[in-house]
file data.cif (mmCIF, C-alpha atoms, pLDDT in the B column; chains and numbers go by the auth columns)
data_structure
#
loop_
_atom_site.group_PDB
_atom_site.id
_atom_site.type_symbol
_atom_site.label_atom_id
_atom_site.label_comp_id
_atom_site.label_asym_id
_atom_site.label_seq_id
_atom_site.Cartn_x
_atom_site.Cartn_y
_atom_site.Cartn_z
_atom_site.B_iso_or_equiv
_atom_site.auth_seq_id
_atom_site.auth_asym_id
ATOM 1 C CA VAL A 1 368.258 75.707 165.090 82.00 1 A
ATOM 2 C CA TYR A 2 367.153 77.811 168.019 81.00 2 A
ATOM 3 C CA TYR A 3 368.572 79.190 171.229 82.00 3 A
ATOM 4 C CA ALA A 4 367.304 78.602 174.737 81.00 4 A
ATOM 5 C CA GLU A 5 368.111 80.083 178.096 81.00 5 A
ATOM 6 C CA VAL A 6 367.208 79.844 181.726 79.00 6 A
ATOM 7 C CA LEU A 7 367.774 82.707 184.127 79.00 7 A
ATOM 8 C CA GLU A 8 367.440 80.979 187.487 77.00 8 A
ATOM 9 C CA PRO A 9 369.075 79.668 189.578 78.00 9 A
ATOM 10 C CA VAL A 10 371.968 80.769 187.282 78.00 10 A
ATOM 11 C CA PRO A 11 371.840 81.993 183.678 83.00 11 A
ATOM 12 C CA ILE A 12 372.595 79.278 181.112 85.00 12 A
ATOM 13 C CA LYS A 13 372.315 79.587 177.331 89.00 13 A
ATOM 14 C CA TRP A 14 372.502 76.806 174.780 88.00 14 A
ATOM 15 C CA LYS A 15 371.998 76.154 171.076 93.00 15 A
ATOM 16 C CA ILE A 16 369.482 73.464 170.187 92.00 16 A
ATOM 17 C CA THR A 17 369.351 71.821 166.780 94.00 17 A
ATOM 18 C CA ARG A 18 366.468 69.520 165.822 93.00 18 A
ATOM 19 C CA ARG A 19 366.337 67.294 162.783 95.00 19 A
ATOM 20 C CA GLY A 20 363.392 64.914 162.689 93.00 20 A
ATOM 21 C CA ASN A 21 363.306 63.119 166.018 96.00 21 A
ATOM 22 C CA ARG A 22 366.951 63.957 166.875 97.00 22 A
ATOM 23 C CA GLN A 23 368.089 66.872 169.004 96.00 23 A
ATOM 24 C CA THR A 24 371.564 68.231 169.802 95.00 24 A
ATOM 25 C CA GLU A 25 372.235 70.658 172.656 93.00 25 A
ATOM 26 C CA GLU A 26 375.427 72.710 172.776 92.00 26 A
ATOM 27 C CA VAL A 27 376.149 74.933 175.786 89.00 27 A
ATOM 28 C CA ILE A 28 377.177 78.439 174.699 89.00 28 A
ATOM 29 C CA GLU A 29 377.123 80.232 178.057 86.00 29 A
ATOM 30 C CA LEU A 30 377.642 78.481 181.376 82.00 30 A
ATOM 31 C CA PRO A 31 378.620 80.278 184.587 82.00 31 A
ATOM 32 C CA ILE A 32 381.292 78.787 186.800 84.00 32 A
ATOM 33 C CA GLU A 33 378.660 78.012 189.492 80.00 33 A
ATOM 34 C CA ALA A 34 376.839 75.723 187.065 78.00 34 A
ATOM 35 C CA LYS A 35 380.073 73.976 186.071 79.00 35 A
ATOM 36 C CA LYS A 36 380.920 73.402 189.735 79.00 36 A
ATOM 37 C CA ALA A 37 377.384 72.045 190.335 76.00 37 A
ATOM 38 C CA GLY A 38 377.947 69.402 187.627 75.00 38 A
ATOM 39 C CA TYR A 39 375.912 70.853 184.754 76.00 39 A
ATOM 40 C CA PRO A 40 377.015 69.025 181.583 74.00 40 A
ATOM 41 C CA THR A 41 379.479 70.993 179.468 77.00 41 A
ATOM 42 C CA ASN A 42 379.686 68.523 176.578 82.00 42 A
ATOM 43 C CA THR A 43 377.377 68.384 173.558 91.00 43 A
ATOM 44 C CA GLN A 44 374.325 66.272 174.353 93.00 44 A
ATOM 45 C CA TYR A 45 372.511 64.120 171.813 97.00 45 A
ATOM 46 C CA GLU A 46 368.877 63.225 172.352 97.00 46 A
ATOM 47 C CA ILE A 47 366.029 61.293 170.787 98.00 47 A
ATOM 48 C CA ILE A 48 362.552 62.849 170.782 97.00 48 A
ATOM 49 C CA GLU A 49 359.382 60.785 170.884 97.00 49 A
ATOM 50 C CA TRP A 50 356.296 62.920 170.240 96.00 50 A
ATOM 51 C CA ILE A 51 353.220 61.812 172.166 97.00 51 A
ATOM 52 C CA ASP A 52 350.883 64.497 170.808 97.00 52 A
ATOM 53 C CA ASP A 53 351.202 68.027 169.360 94.00 53 A
ATOM 54 C CA CYS A 54 352.234 69.486 172.726 95.00 54 A
ATOM 55 C CA THR A 55 353.916 66.610 174.564 97.00 55 A
ATOM 56 C CA TYR A 56 357.115 64.695 173.955 97.00 56 A
ATOM 57 C CA ARG A 57 359.504 62.380 175.753 97.00 57 A
ATOM 58 C CA LEU A 58 363.222 63.047 175.461 96.00 58 A
ATOM 59 C CA ARG A 59 365.886 60.377 175.982 98.00 59 A
ATOM 60 C CA TYR A 60 369.654 60.774 175.811 97.00 60 A
ATOM 61 C CA ASP A 61 371.319 58.933 172.919 97.00 61 A
ATOM 62 C CA GLU A 62 373.946 56.835 174.666 95.00 62 A
ATOM 63 C CA THR A 63 375.377 55.733 171.303 96.00 63 A
ATOM 64 C CA LYS A 64 376.598 59.308 170.675 94.00 64 A
ATOM 65 C CA PHE A 65 378.207 60.305 174.006 92.00 65 A
ATOM 66 C CA LYS A 66 378.967 59.089 177.525 92.00 66 A
ATOM 67 C CA LEU A 67 375.986 59.704 179.812 92.00 67 A
ATOM 68 C CA SER A 68 376.288 61.143 183.293 88.00 68 A
ATOM 69 C CA ASP A 69 374.666 59.298 186.188 90.00 69 A
ATOM 70 C CA THR A 70 371.768 61.773 186.047 89.00 70 A
ATOM 71 C CA GLN A 71 371.261 61.301 182.295 93.00 71 A
ATOM 72 C CA ARG A 72 371.397 57.520 182.703 96.00 72 A
ATOM 73 C CA ALA A 73 368.791 57.703 185.499 96.00 73 A
ATOM 74 C CA ILE A 74 366.523 59.850 183.294 96.00 74 A
ATOM 75 C CA ASN A 75 366.733 57.261 180.499 97.00 75 A
ATOM 76 C CA GLU A 76 366.145 54.360 182.889 98.00 76 A
ATOM 77 C CA ASN A 77 362.960 56.065 184.104 97.00 77 A
ATOM 78 C CA GLY A 78 361.463 56.525 180.642 96.00 78 A
ATOM 79 C CA GLY A 79 363.070 59.843 179.670 97.00 79 A
ATOM 80 C CA ALA A 80 362.158 63.443 180.387 96.00 80 A
ATOM 81 C CA LEU A 81 358.484 64.127 179.716 97.00 81 A
ATOM 82 C CA THR A 82 357.880 67.658 178.423 95.00 82 A
ATOM 83 C CA HIS A 83 354.545 69.397 177.885 97.00 83 A
ATOM 84 C CA ILE A 84 354.362 72.697 175.982 95.00 84 A
ATOM 85 C CA VAL A 85 351.832 74.859 177.836 96.00 85 A
ATOM 86 C CA LYS A 86 351.955 78.116 175.875 94.00 86 A
ATOM 87 C CA VAL A 87 353.441 79.508 172.659 93.00 87 A
ATOM 88 C CA GLU A 88 354.135 83.236 172.242 92.00 88 A
ATOM 89 C CA GLY A 89 355.760 84.278 168.977 90.00 89 A
ATOM 90 C CA ASN A 90 358.873 82.158 168.581 82.00 90 A
ATOM 91 C CA CYS A 91 359.038 81.200 172.270 83.00 91 A
ATOM 92 C CA TYR A 92 357.333 78.392 174.091 83.00 92 A
ATOM 93 C CA TYR A 93 356.766 77.748 177.767 87.00 93 A
ATOM 94 C CA TYR A 94 356.904 74.200 179.017 89.00 94 A
ATOM 95 C CA VAL A 95 356.722 71.943 182.060 92.00 95 A
ATOM 96 C CA SER A 96 359.140 69.053 182.186 89.00 96 A
#
call {"tool": "encode", "arguments": {"input": "data.cif", "output": "structure tokens"}}
result
Amino acid sequence: VYYAEVLEPVPIKWKITRRGNRQTEEVIELPIEAKKAGYPTNTQYEIIEWIDDCTYRLRYDETKFKLSDTQRAINENGGALTHIVKVEGNCYYYVS
């Protein structure tokens, strides 16, 4: 279990739990602007496919929850490709 946050364009915090190749994301702090913009407020379930030690592809698990149009489009295009570019302590920086 770990916690993640983004500061821009609005601050969002969530709890991420990984077990094997499964990931669950639960929003714990979401400003009203993000809710109005359509940011998902439900728990999201994902499947991780590691490509190498620093790169993985993430797809939403449609058997666990109803996907938004954006999540469906991400899955239909092969998932979200993420590359970890730097690790500092217990934080990592990535491009996705």
call {"tool": "closest_residue", "arguments": {"input": "data.cif", "among": "A:Tyr3, A:Tyr45, A:Tyr39, A:Tyr92", "to": "Arg59 of chain A", "atoms": "all atoms listed in the file"}}
result
A:Tyr45
call {"tool": "atom_distance", "arguments": {"input": "data.cif", "atom1": "atom CA of Arg72 of chain A", "atom2": "atom CA of Asp52 of chain A"}}
result
24.7 Å
call {"tool": "closest_residue", "arguments": {"input": "data.cif", "among": "A:Glu8, A:Ile32, A:Gly38, A:Asp53", "to": "Thr70 of chain A", "atoms": "all atoms listed in the file"}}
result
A:Gly38
call {"tool": "resolve_selection", "arguments": {"input": "data.cif", "expression": "the PyMOL selection byres ((chain A and resi 48) around 10)", "output": "list in words"}}
result
Arg18, Arg19, Gly20, Asn21, Arg22, Gln23, Glu46, Ile47, Glu49, Trp50, Ile51, Tyr56, Arg57, Leu58, Arg59, Tyr60, Asp61, Gly79, Ala80 and Leu81 of chain A
call {"tool": "residues_around", "arguments": {"input": "data.cif", "residues": "Asn42 of chain A", "least_positions_apart": "6", "cutoff": "9 Å", "atoms": "only C-alpha atoms", "output": "compact mmCIF listing (two decimals) with C-alpha atoms, in the frame of the given file"}}
result
# COMPACT_ATOMS: atom_id res chain seq x y z
CA GLU A 25 372.24 70.66 172.66
CA GLU A 26 375.43 72.71 172.78
CA VAL A 27 376.15 74.93 175.79
CA PHE A 65 378.21 60.30 174.01
call {"tool": "closest_residue", "arguments": {"input": "data.cif", "among": "A:Lys36, A:Gly78, A:Asn90, A:Thr63", "to": "Val1 of chain A", "atoms": "only C-alpha atoms"}}
result
A:Asn90
call {"tool": "atom_distance", "arguments": {"input": "data.cif", "atom1": "atom CA of Glu33 of chain A", "atom2": "atom CA of Ile12 of chain A"}}
result
10.4 Å
